[in-house]
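Data block for structure.csv (CSV, C-alpha atoms and all ligand atoms):
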chain,number,residue,atom,x,y,z
A,26,LEU,CA,53.7,1.6,-82.9
A,27,LEU,CA,54.3,-2.0,-83.8
A,28,LEU,CA,50.7,-2.9,-83.1
A,29,GLU,CA,49.6,0.1,-85.1
A,30,ASN,CA,51.6,-1.0,-88.2
A,31,GLN,CA,50.4,-4.6,-87.9
A,32,LEU,CA,46.8,-3.4,-87.6
A,33,ARG,CA,47.1,-1.5,-90.9
A,34,GLY,CA,47.6,-4.8,-92.8
A,35,ALA,CA,45.4,-7.0,-90.7
A,36,ALA,CA,42.3,-6.9,-92.9
A,37,ASP,CA,44.2,-7.6,-96.1
A,38,ARG,CA,46.1,-10.5,-94.5
A,39,GLY,CA,42.7,-12.0,-93.5
A,40,GLU,CA,43.4,-11.8,-89.7
A,41,LEU,CA,40.1,-10.2,-88.8
A,42,LEU,CA,37.1,-12.3,-88.0
A,43,LEU,CA,33.7,-12.1,-86.4
A,44,HIS,CA,32.3,-14.0,-83.5
A,45,TYR,CA,28.5,-14.1,-83.0
A,46,GLN,CA,26.6,-13.9,-79.7
A,47,PRO,CA,23.0,-15.0,-79.4
A,48,LYS,CA,20.1,-12.8,-78.2
A,49,GLU,CA,17.0,-14.7,-77.3
A,50,CYS,CA,13.3,-14.1,-76.4
A,51,ALA,CA,13.1,-13.6,-72.6
A,52,ILE,CA,9.9,-15.7,-72.4
A,53,SER,CA,10.3,-18.5,-74.9
A,54,GLY,CA,14.1,-18.7,-75.3
A,55,ARG,CA,13.7,-18.6,-79.1
A,56,LEU,CA,16.8,-17.2,-80.9
A,57,LEU,CA,15.8,-13.7,-82.0
A,58,GLY,CA,19.1,-12.2,-83.2
A,59,LEU,CA,22.9,-12.2,-83.1
A,60,GLU,CA,25.5,-9.6,-82.3
A,61,ALA,CA,28.7,-9.7,-84.5
A,62,LEU,CA,31.8,-9.0,-82.4
A,63,LEU,CA,35.1,-8.3,-84.1
A,64,ARG,CA,38.3,-10.2,-83.2
A,65,TRP,CA,41.8,-10.0,-84.5
A,66,GLN,CA,43.7,-13.3,-85.0
A,67,HIS,CA,47.2,-11.9,-84.3
A,68,PRO,CA,50.1,-14.1,-85.5
A,69,GLU,CA,51.9,-13.8,-82.1
A,70,LEU,CA,49.4,-12.4,-79.6
A,71,GLY,CA,46.6,-14.9,-80.5
A,72,LEU,CA,43.0,-13.7,-80.5
A,73,VAL,CA,42.9,-10.0,-79.6
A,74,ALA,CA,39.6,-8.5,-78.2
A,75,PRO,CA,38.2,-5.3,-79.8
A,76,GLY,CA,38.8,-3.2,-76.7
A,77,ARG,CA,42.5,-3.5,-77.4
A,78,PHE,CA,42.5,-2.4,-81.0
A,79,ILE,CA,39.3,-0.5,-81.9
A,80,PRO,CA,40.4,2.6,-80.0
A,81,LEU,CA,43.7,2.4,-81.8
A,82,ALA,CA,41.9,2.0,-85.2
A,83,GLU,CA,39.8,5.1,-84.4
A,84,GLU,CA,42.9,7.0,-83.5
A,85,ILE,CA,44.9,6.2,-86.7
A,86,GLY,CA,41.9,6.7,-89.0
A,87,LEU,CA,41.6,3.0,-89.8
A,88,ILE,CA,38.1,2.4,-88.3
A,89,GLY,CA,36.4,3.3,-91.7
A,90,THR,CA,38.2,0.5,-93.5
A,91,ILE,CA,37.8,-2.0,-90.7
A,92,GLY,CA,34.2,-1.1,-90.2
A,93,GLU,CA,33.5,-1.6,-93.9
A,94,TRP,CA,35.0,-5.0,-93.7
A,95,VAL,CA,32.8,-5.9,-90.7
A,96,LEU,CA,29.7,-4.8,-92.5
A,97,GLY,CA,30.7,-6.8,-95.6
A,98,GLU,CA,31.6,-9.9,-93.6
A,99,ALA,CA,28.4,-9.9,-91.5
A,100,CYS,CA,26.4,-9.7,-94.8
A,101,ARG,CA,28.4,-12.4,-96.5
A,102,GLN,CA,27.8,-14.6,-93.4
A,103,GLN,CA,24.1,-14.1,-93.6
A,104,ARG,CA,24.2,-15.0,-97.3
A,105,ALA,CA,26.2,-18.2,-96.5
A,106,TRP,CA,23.6,-19.2,-93.9
A,107,LEU,CA,20.8,-18.6,-96.3
A,108,ASP,CA,22.6,-20.6,-99.0
A,109,ALA,CA,22.9,-23.4,-96.5
A,110,GLY,CA,19.1,-23.4,-96.1
A,111,LEU,CA,19.1,-22.0,-92.6
A,112,ASP,CA,16.4,-19.8,-91.1
A,113,ILE,CA,18.5,-16.6,-90.3
A,114,VAL,CA,17.9,-14.0,-87.6
A,115,PRO,CA,19.0,-10.3,-87.8
A,116,VAL,CA,22.7,-9.8,-87.2
A,117,ALA,CA,23.7,-6.7,-85.3
A,118,VAL,CA,26.9,-4.8,-86.2
A,119,ASN,CA,28.5,-2.2,-83.9
A,120,LEU,CA,29.3,1.1,-85.5
A,121,SER,CA,31.9,3.7,-84.3
A,122,ALA,CA,31.0,7.4,-84.1
A,123,GLN,CA,33.5,8.1,-86.9
A,124,GLN,CA,31.7,5.6,-89.2
A,125,LEU,CA,28.3,7.1,-88.5
A,126,ALA,CA,29.8,10.5,-89.4
A,127,GLN,CA,31.1,9.3,-92.8
A,128,GLN,CA,29.6,11.1,-95.7
A,129,ASN,CA,28.8,7.8,-97.5
A,130,ILE,CA,27.7,5.7,-94.6
A,131,VAL,CA,24.2,5.1,-95.8
A,132,SER,CA,25.3,4.0,-99.3
A,133,GLN,CA,28.1,1.9,-97.8
A,134,ILE,CA,25.6,0.0,-95.8
A,135,SER,CA,23.1,-0.4,-98.6
A,136,ASN,CA,25.9,-1.6,-100.9
A,137,ALA,CA,27.0,-4.3,-98.4
A,138,ILE,CA,23.4,-5.5,-98.1
A,139,ASN,CA,22.8,-5.5,-101.9
A,140,ASP,CA,26.1,-7.2,-102.7
A,141,ALA,CA,25.1,-10.1,-100.6
A,142,GLY,CA,21.5,-10.1,-101.9
A,143,LEU,CA,19.9,-9.6,-98.5
A,144,ALA,CA,16.8,-8.0,-97.3
A,145,PRO,CA,17.8,-4.9,-95.2
A,146,GLU,CA,15.8,-6.2,-92.2
A,147,VAL,CA,18.4,-9.0,-91.6
A,148,ILE,CA,21.0,-6.3,-90.6
A,149,GLU,CA,20.8,-4.3,-87.4
A,150,LEU,CA,23.1,-1.5,-86.4
A,151,GLU,CA,24.1,-0.8,-82.8
A,152,LEU,CA,24.9,2.8,-82.0
A,153,THR,CA,26.0,3.9,-78.5
A,154,GLU,CA,23.9,6.4,-76.6
A,155,THR,CA,27.0,8.5,-76.2
A,156,MET,CA,27.8,8.8,-79.9
A,157,LEU,CA,24.2,9.6,-80.8
A,158,MET,CA,24.2,12.5,-78.4
A,159,ARG,CA,27.3,14.0,-79.9
A,160,ASP,CA,25.8,15.5,-83.0
A,161,ILE,CA,22.1,15.0,-82.5
A,162,ASP,CA,20.5,16.7,-85.5
A,163,ARG,CA,22.8,15.2,-88.0
A,164,ASN,CA,22.5,11.7,-86.4
A,165,ILE,CA,18.7,11.9,-86.3
A,166,HIS,CA,18.8,12.6,-90.1
A,167,THR,CA,21.2,9.7,-90.8
A,168,LEU,CA,19.1,7.3,-88.7
A,169,ILE,CA,16.0,8.3,-90.5
A,170,ARG,CA,17.6,7.4,-93.8
A,171,LEU,CA,18.8,4.1,-92.4
A,172,ARG,CA,15.4,3.3,-91.0
A,173,ASP,CA,13.8,4.2,-94.3
A,174,MET,CA,16.2,1.7,-96.0
A,175,GLY,CA,14.8,-0.9,-93.7
A,176,VAL,CA,17.7,-1.8,-91.4
A,177,ARG,CA,17.0,-2.3,-87.8
A,178,LEU,CA,18.6,0.1,-85.3
A,179,SER,CA,19.3,-0.2,-81.6
A,180,ILE,CA,20.9,2.0,-78.9
A,181,ASP,CA,23.9,0.2,-77.3
A,182,ASP,CA,25.2,0.7,-73.7
A,183,PHE,CA,21.9,2.5,-72.9
A,184,GLY,CA,21.8,4.3,-69.5
A,185,THR,CA,25.5,5.2,-69.6
A,186,GLY,CA,25.0,8.5,-71.6
A,187,TYR,CA,22.8,11.5,-71.1
A,188,SER,CA,20.0,11.2,-73.6
A,189,SER,CA,16.8,13.1,-72.7
A,190,LEU,CA,13.5,11.4,-73.4
A,191,ASN,CA,12.7,14.2,-75.8
A,192,TYR,CA,15.7,13.2,-78.1
A,193,LEU,CA,15.1,9.5,-77.5
A,194,ARG,CA,11.7,10.0,-79.1
A,195,GLN,CA,13.2,11.5,-82.2
A,196,PHE,CA,15.7,8.6,-82.8
A,197,PRO,CA,13.9,6.1,-85.1
A,198,VAL,CA,15.3,3.0,-83.3
A,199,ASN,CA,13.8,-0.4,-82.6
A,200,ALA,CA,15.5,-1.3,-79.3
A,201,LEU,CA,17.3,-0.1,-76.2
A,202,LYS,CA,20.2,-2.3,-75.0
A,203,ILE,CA,20.5,-2.0,-71.2
A,204,ASP,CA,24.2,-1.6,-70.4
A,205,ARG,CA,25.6,-4.7,-68.6
A,206,SER,CA,26.6,-2.6,-65.6
A,207,PHE,CA,22.9,-2.2,-64.7
A,208,VAL,CA,22.3,-5.9,-65.3
A,209,SER,CA,25.1,-6.9,-62.9
A,210,ASP,CA,23.6,-4.5,-60.4
A,211,ILE,CA,20.5,-6.8,-60.2
A,212,SER,CA,22.4,-9.3,-58.1
A,213,ALA,CA,24.2,-6.7,-56.1
A,214,GLU,CA,23.1,-5.7,-52.6
A,215,GLY,CA,21.3,-2.4,-52.0
A,216,ASN,CA,20.4,-1.5,-55.6
A,217,GLU,CA,18.1,-4.4,-56.8
A,218,GLY,CA,18.2,-3.5,-60.4
A,219,LYS,CA,16.3,-0.2,-60.2
A,220,ILE,CA,18.0,1.2,-63.2
A,221,ALA,CA,17.4,-1.9,-65.3
A,222,SER,CA,13.7,-1.7,-64.4
A,223,ALA,CA,13.5,2.0,-65.2
A,224,ILE,CA,15.0,1.4,-68.7
A,225,ILE,CA,12.6,-1.4,-69.4
A,226,GLY,CA,9.7,0.9,-68.4
A,227,MET,CA,11.1,3.6,-70.6
A,228,ALA,CA,11.4,1.2,-73.6
A,229,HIS,CA,7.7,0.1,-73.0
A,230,SER,CA,6.4,3.6,-72.9
A,231,LEU,CA,8.3,4.5,-76.1
A,232,GLY,CA,7.2,1.4,-77.9
A,233,LEU,CA,10.7,0.0,-78.1
A,234,GLU,CA,12.2,-3.4,-77.3
A,235,ALA,CA,14.3,-3.7,-74.2
A,236,ILE,CA,17.4,-6.0,-74.6
A,237,ALA,CA,19.5,-6.8,-71.6
A,238,GLU,CA,23.1,-7.4,-72.2
A,239,GLY,CA,25.6,-9.2,-69.9
A,240,VAL,CA,23.1,-11.6,-68.4
A,241,GLU,CA,25.1,-14.1,-66.4
A,242,THR,CA,22.9,-15.6,-63.7
A,243,GLU,CA,19.5,-17.2,-63.4
A,244,ALA,CA,18.6,-14.5,-60.8
A,245,GLN,CA,19.2,-11.8,-63.3
A,246,ARG,CA,17.2,-13.7,-65.9
A,247,SER,CA,14.1,-14.1,-63.7
A,248,PHE,CA,14.2,-10.5,-62.6
A,249,LEU,CA,14.4,-9.2,-66.1
A,250,VAL,CA,11.6,-11.5,-67.3
A,251,ALA,CA,9.4,-10.3,-64.4
A,252,GLN,CA,10.1,-6.7,-65.3
A,253,GLY,CA,9.0,-7.3,-68.9
A,254,CYS,CA,12.3,-7.2,-70.7
A,255,HIS,CA,11.9,-8.6,-74.2
A,256,GLN,CA,15.4,-10.0,-75.1
A,257,LEU,CA,18.3,-11.4,-73.2
A,258,GLN,CA,22.0,-11.5,-74.2
A,259,GLY,CA,25.0,-12.6,-72.1
A,260,TYR,CA,27.1,-15.5,-71.1
A,261,LEU,CA,24.1,-17.3,-69.5
A,262,ILE,CA,22.4,-17.4,-72.9
A,263,GLY,CA,25.6,-18.0,-74.9
A,264,ARG,CA,29.1,-16.7,-75.4
A,265,PRO,CA,30.3,-15.1,-78.6
A,266,VAL,CA,31.4,-17.9,-80.9
A,267,PRO,CA,32.7,-18.4,-84.5
A,268,ALA,CA,29.9,-18.8,-87.1
A,269,GLY,CA,30.5,-22.5,-87.5
A,270,GLU,CA,29.7,-23.1,-83.8
A,271,LEU,CA,26.5,-21.1,-84.1
A,272,ALA,CA,25.0,-22.9,-87.0
A,273,PRO,CA,23.3,-25.6,-84.8
A,274,ARG,CA,21.2,-22.9,-83.2
A,275,LEU,CA,19.8,-21.8,-86.6
A,276,ARG,CA,16.9,-24.0,-87.7
A,277,PRO,CA,16.4,-25.2,-91.3
A,278,ARG,CA,14.3,-22.8,-93.3
A,279,PRO,CA,10.7,-24.0,-93.4
B,301,LIG,O1,33.9,-8.4,-77.5
B,301,LIG,P1,34.3,-7.4,-76.5
B,301,LIG,O2,33.6,-7.4,-75.1
B,301,LIG,O3,35.8,-7.3,-76.2
B,301,LIG,O4,33.9,-5.9,-77.1
B,301,LIG,C1,34.3,-4.8,-76.6
B,301,LIG,C2,33.8,-3.6,-77.3
B,301,LIG,O5,34.1,-3.6,-78.7
B,301,LIG,C3,32.3,-3.5,-77.2
B,301,LIG,O6,31.9,-2.2,-76.8
B,301,LIG,C4,31.8,-3.7,-78.7
B,301,LIG,O7,30.7,-2.9,-78.9
B,301,LIG,C5,33.0,-3.2,-79.5
B,301,LIG,N1,33.0,-3.9,-80.8
B,301,LIG,C6,33.0,-5.2,-81.0
B,301,LIG,N2,33.0,-5.4,-82.4
B,301,LIG,C7,33.0,-4.2,-83.0
B,301,LIG,C8,33.0,-3.7,-84.3
B,301,LIG,O8,32.9,-4.5,-85.3
B,301,LIG,N3,33.0,-2.4,-84.5
B,301,LIG,C9,33.1,-1.5,-83.5
B,301,LIG,N4,33.1,-0.2,-83.8
B,301,LIG,N5,33.0,-1.9,-82.2
B,301,LIG,C10,33.0,-3.2,-81.9
B,302,LIG,O1,29.5,-2.6,-75.9
B,302,LIG,P1,28.9,-3.9,-76.4
B,302,LIG,O2,27.6,-4.2,-75.9
B,302,LIG,O3,28.9,-4.0,-77.9
B,302,LIG,O4,29.9,-5.0,-75.9
B,302,LIG,C1,29.6,-6.3,-76.0
B,302,LIG,C2,30.7,-7.0,-75.3
B,302,LIG,O5,30.2,-7.6,-74.1
B,302,LIG,C3,31.3,-8.1,-76.1
B,302,LIG,O6,32.7,-7.9,-76.2
B,302,LIG,C4,31.1,-9.4,-75.3
B,302,LIG,O7,32.2,-10.2,-75.3
B,302,LIG,C5,30.8,-8.9,-73.9
B,302,LIG,N1,29.9,-9.7,-73.2
B,302,LIG,C6,28.8,-10.3,-73.7
B,302,LIG,N2,28.1,-11.0,-72.8
B,302,LIG,C7,28.7,-10.8,-71.6
B,302,LIG,C8,28.5,-11.2,-70.3
B,302,LIG,O8,27.5,-11.9,-70.0
B,302,LIG,N3,29.3,-10.7,-69.3
B,302,LIG,C9,30.4,-9.9,-69.6
B,302,LIG,N4,31.1,-9.6,-68.6
B,302,LIG,N5,30.6,-9.5,-70.8
B,302,LIG,C10,29.8,-9.9,-71.8
B,303,MN,MN,27.0,-3.9,-78.9
B,304,NA,NA,27.1,-2.7,-74.4
Is it possible to express this structure as structure tokens?
Amino acid sequence: LLLENQLRGAADRGELLLHYQPKECAISGRLLGLEALLRWQHPELGLVAPGRFIPLAEEIGLIGTIGEWVLGEACRQQRAWLDAGLDIVPVAVNLSAQQLAQQNIVSQISNAINDAGLAPEVIELELTETMLMRDIDRNIHTLIRLRDMGVRLSIDDFGTGYSSLNYLRQFPVNALKIDRSFVSDISAEGNEGKIASAIIGMAHSLGLEAIAEGVETEAQRSFLVAQGCHQLQGYLIGRPVPAGELAPRLRPRP
């Protein structure tokens, strides 16, 4: 109950912040994107990970407010990097099911992008496979409106849900993010990354990018490259870090 009350005022007190984790080209190592990951700088507990407070925020109906702050902050950060003369890459924001179901989600996203004076292509939305499959027809419709606006879309934690190929074809997304449990399987005995390979093959046949998350070892990297995975993300590539620590990876704008 204490944490709940503290969370209610966290955004207003400036205690929320974003860390950014790089995604790079599997072949060239070039930086291709960033994922924004929410953190709560709690006065006594220190830096709190989203797993500890996002489910709570969803439960108490606070995820809409927090999610709107995340979108706004990611857009303001892109604007700040642009104003610093840097060559930005798309920043991906995670959305909760409740956010995607909001009546005004499309205008909320377009307002955040417009307020920062950005092109929609520099913002990407990560939607989990499980949440997309919950209200399929409605979600397809929302995703089409977002795609038409020009934001990039990807399916997060892919392989952990139950989407059929038929529905997958109807979601206008750019990428499938292979859940990190299948990436860690690559190094495990007996399984040899069969699911990761299958997802990469599926992405290829649907004309989508495959992004591996949770890449931690060189063995996983070389396996994924050999299978034709497009992008890599994980501790081997880079940990989530504050914006200031990431700036050196962004090149000056030509
Ligand atoms: O950073 P960490 O591994 O603790 O993230 C745990 C989970 O929290 C991940 O599933 C991630 O998608 C989710 N998450 C991180 N940032 C956000 C956010 O801004 N909004 C939502 N809805 N989920 C987030
Ligand atoms: O569900 P989602 O993909 O949004 O979750 C991203 C989370 O995964 C982040 O909280 C991030 O801290 C975590 N993460 C990122 N890279 C790695 C990694 O290489 N290994 C592990 N174990 N977790 C990672
Ligand atoms: Mn994600
Ligand atoms: Na994931």
> Would you name the residues within 6 Å of ligand LIG 301 (chain B), counting all atoms listed in the file, and put them as a list in words?
Replying inline: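 Checked against 6 Å with all atoms listed in the file; the hits are Leu62, Leu63, Ala74, Pro75, Gly76, Gly92, Val95, Asn119, Leu120 and Ser121 of chain A.
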> Given a cut-off of 10 Å, what residues near ligand NA 304 (chain B) show up using all atoms listed in the file, put as a ChimeraX atom specification?
Replying inline: /A:119,151-154,180-183,185,202-206,237-239
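One distance worth recording is that between atom CA of A:Gly58 and atom CA of A:Asp210, which is 24.5 Å.
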So which residues touch stretch 195-201 of chain A within 7 Å, counting only C-alpha atoms, skipping near sequence neighbours fewer than 2 positions away, as a PDB file with C-alpha atoms, in the frame of the given file?
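Wrote selection33.pdb, looks like this:
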ATOM      1  CA  ILE A 165      18.700  11.900 -86.300  1.00  0.00           C
ATOM      2  CA  LEU A 168      19.100   7.300 -88.700  1.00  0.00           C
ATOM      3  CA  ILE A 169      16.000   8.300 -90.500  1.00  0.00           C
ATOM      4  CA  ARG A 172      15.400   3.300 -91.000  1.00  0.00           C
ATOM      5  CA  ARG A 177      17.000  -2.300 -87.800  1.00  0.00           C
ATOM      6  CA  LEU A 178      18.600   0.100 -85.300  1.00  0.00           C
ATOM      7  CA  SER A 179      19.300  -0.200 -81.600  1.00  0.00           C
ATOM      8  CA  ILE A 180      20.900   2.000 -78.900  1.00  0.00           C
ATOM      9  CA  ASP A 181      23.900   0.200 -77.300  1.00  0.00           C
ATOM     10  CA  PHE A 183      21.900   2.500 -72.900  1.00  0.00           C
ATOM     11  CA  ASN A 191      12.700  14.200 -75.800  1.00  0.00           C
ATOM     12  CA  TYR A 192      15.700  13.200 -78.100  1.00  0.00           C
ATOM     13  CA  LEU A 193      15.100   9.500 -77.500  1.00  0.00           C
ATOM     14  CA  ILE A 203      20.500  -2.000 -71.200  1.00  0.00           C
ATOM     15  CA  ALA A 228      11.400   1.200 -73.600  1.00  0.00           C
ATOM     16  CA  LEU A 233      10.700   0.000 -78.100  1.00  0.00           C
ATOM     17  CA  GLU A 234      12.200  -3.400 -77.300  1.00  0.00           C
ATOM     18  CA  ALA A 235      14.300  -3.700 -74.200  1.00  0.00           C
ATOM     19  CA  ILE A 236      17.400  -6.000 -74.600  1.00  0.00           C
TER      20      ILE A 236
END
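Atom C2 of ligand LIG 302 (chain B) is found 22.6 Å from atom CA of A:Gly253.
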Missing atoms in stretch 37-60 of chain A: can you complete it with N, CA and C atoms, as a PDB file, keeping the file's coordinate frame?
ATOM      1  N   ASP A  37      43.751  -7.017 -94.799  1.00  0.00           N
ATOM      2  CA  ASP A  37      44.200  -7.600 -96.100  1.00  0.00           C
ATOM      3  C   ASP A  37      44.846  -8.961 -95.885  1.00  0.00           C
ATOM      4  N   ARG A  38      45.452  -9.192 -94.725  1.00  0.00           N
ATOM      5  CA  ARG A  38      46.100 -10.500 -94.500  1.00  0.00           C
ATOM      6  C   ARG A  38      45.034 -11.529 -93.984  1.00  0.00           C
ATOM      7  N   GLY A  39      43.768 -11.116 -93.895  1.00  0.00           N
ATOM      8  CA  GLY A  39      42.700 -12.000 -93.500  1.00  0.00           C
ATOM      9  C   GLY A  39      42.798 -12.378 -91.983  1.00  0.00           C
ATOM     10  N   GLU A  40      43.310 -11.466 -91.164  1.00  0.00           N
ATOM     11  CA  GLU A  40      43.400 -11.800 -89.700  1.00  0.00           C
ATOM     12  C   GLU A  40      42.240 -11.323 -88.906  1.00  0.00           C
ATOM     13  N   LEU A  41      41.294 -10.591 -89.518  1.00  0.00           N
ATOM     14  CA  LEU A  41      40.100 -10.200 -88.800  1.00  0.00           C
ATOM     15  C   LEU A  41      39.021 -11.232 -88.931  1.00  0.00           C
ATOM     16  N   LEU A  42      38.258 -11.408 -87.877  1.00  0.00           N
ATOM     17  CA  LEU A  42      37.100 -12.300 -88.000  1.00  0.00           C
ATOM     18  C   LEU A  42      36.019 -11.872 -87.024  1.00  0.00           C
ATOM     19  N   LEU A  43      34.837 -12.416 -87.253  1.00  0.00           N
ATOM     20  CA  LEU A  43      33.700 -12.100 -86.400  1.00  0.00           C
ATOM     21  C   LEU A  43      33.268 -13.268 -85.575  1.00  0.00           C
ATOM     22  N   HIS A  44      32.957 -12.993 -84.332  1.00  0.00           N
ATOM     23  CA  HIS A  44      32.300 -14.000 -83.500  1.00  0.00           C
ATOM     24  C   HIS A  44      30.820 -13.490 -83.384  1.00  0.00           C
ATOM     25  N   TYR A  45      29.925 -14.404 -83.060  1.00  0.00           N
ATOM     26  CA  TYR A  45      28.500 -14.100 -83.000  1.00  0.00           C
ATOM     27  C   TYR A  45      27.940 -14.499 -81.657  1.00  0.00           C
ATOM     28  N   GLN A  46      27.227 -13.571 -81.004  1.00  0.00           N
ATOM     29  CA  GLN A  46      26.600 -13.900 -79.700  1.00  0.00           C
ATOM     30  C   GLN A  46      25.103 -13.846 -79.822  1.00  0.00           C
ATOM     31  N   PRO A  47      24.433 -14.906 -79.314  1.00  0.00           N
ATOM     32  CA  PRO A  47      23.000 -15.000 -79.400  1.00  0.00           C
ATOM     33  C   PRO A  47      22.219 -14.001 -78.537  1.00  0.00           C
ATOM     34  N   LYS A  48      21.060 -13.553 -79.037  1.00  0.00           N
ATOM     35  CA  LYS A  48      20.100 -12.800 -78.200  1.00  0.00           C
ATOM     36  C   LYS A  48      18.799 -13.626 -78.320  1.00  0.00           C
ATOM     37  N   GLU A  49      18.169 -13.893 -77.190  1.00  0.00           N
ATOM     38  CA  GLU A  49      17.000 -14.700 -77.300  1.00  0.00           C
ATOM     39  C   GLU A  49      15.759 -14.077 -76.609  1.00  0.00           C
ATOM     40  N   CYS A  50      14.585 -14.595 -76.982  1.00  0.00           N
ATOM     41  CA  CYS A  50      13.300 -14.100 -76.400  1.00  0.00           C
ATOM     42  C   CYS A  50      13.339 -14.445 -74.914  1.00  0.00           C
ATOM     43  N   ALA A  51      13.067 -13.425 -74.078  1.00  0.00           N
ATOM     44  CA  ALA A  51      13.100 -13.600 -72.600  1.00  0.00           C
ATOM     45  C   ALA A  51      12.124 -14.647 -72.158  1.00  0.00           C
ATOM     46  N   ILE A  52      10.997 -14.761 -72.865  1.00  0.00           N
ATOM     47  CA  ILE A  52       9.900 -15.700 -72.400  1.00  0.00           C
ATOM     48  C   ILE A  52      10.108 -17.067 -72.987  1.00  0.00           C
ATOM     49  N   SER A  53      10.313 -17.152 -74.310  1.00  0.00           N
ATOM     50  CA  SER A  53      10.300 -18.500 -74.900  1.00  0.00           C
ATOM     51  C   SER A  53      11.711 -19.070 -75.111  1.00  0.00           C
ATOM     52  N   GLY A  54      12.746 -18.241 -75.015  1.00  0.00           N
ATOM     53  CA  GLY A  54      14.100 -18.700 -75.300  1.00  0.00           C
ATOM     54  C   GLY A  54      14.432 -18.885 -76.738  1.00  0.00           C
ATOM     55  N   ARG A  55      13.483 -18.507 -77.615  1.00  0.00           N
ATOM     56  CA  ARG A  55      13.700 -18.600 -79.100  1.00  0.00           C
ATOM     57  C   ARG A  55      14.838 -17.630 -79.473  1.00  0.00           C
ATOM     58  N   LEU A  56      15.686 -18.058 -80.414  1.00  0.00           N
ATOM     59  CA  LEU A  56      16.800 -17.200 -80.900  1.00  0.00           C
ATOM     60  C   LEU A  56      16.142 -16.052 -81.733  1.00  0.00           C
ATOM     61  N   LEU A  57      16.438 -14.807 -81.337  1.00  0.00           N
ATOM     62  CA  LEU A  57      15.800 -13.700 -82.000  1.00  0.00           C
ATOM     63  C   LEU A  57      16.874 -12.822 -82.796  1.00  0.00           C
ATOM     64  N   GLY A  58      18.138 -12.991 -82.479  1.00  0.00           N
ATOM     65  CA  GLY A  58      19.100 -12.200 -83.200  1.00  0.00           C
ATOM     66  C   GLY A  58      20.538 -12.582 -82.739  1.00  0.00           C
ATOM     67  N   LEU A  59      21.524 -12.005 -83.430  1.00  0.00           N
ATOM     68  CA  LEU A  59      22.900 -12.200 -83.100  1.00  0.00           C
ATOM     69  C   LEU A  59      23.641 -10.904 -83.102  1.00  0.00           C
ATOM     70  N   GLU A  60      24.675 -10.789 -82.259  1.00  0.00           N
ATOM     71  CA  GLU A  60      25.500  -9.600 -82.300  1.00  0.00           C
ATOM     72  C   GLU A  60      26.887 -10.048 -82.877  1.00  0.00           C
TER      73      GLU A  60
END
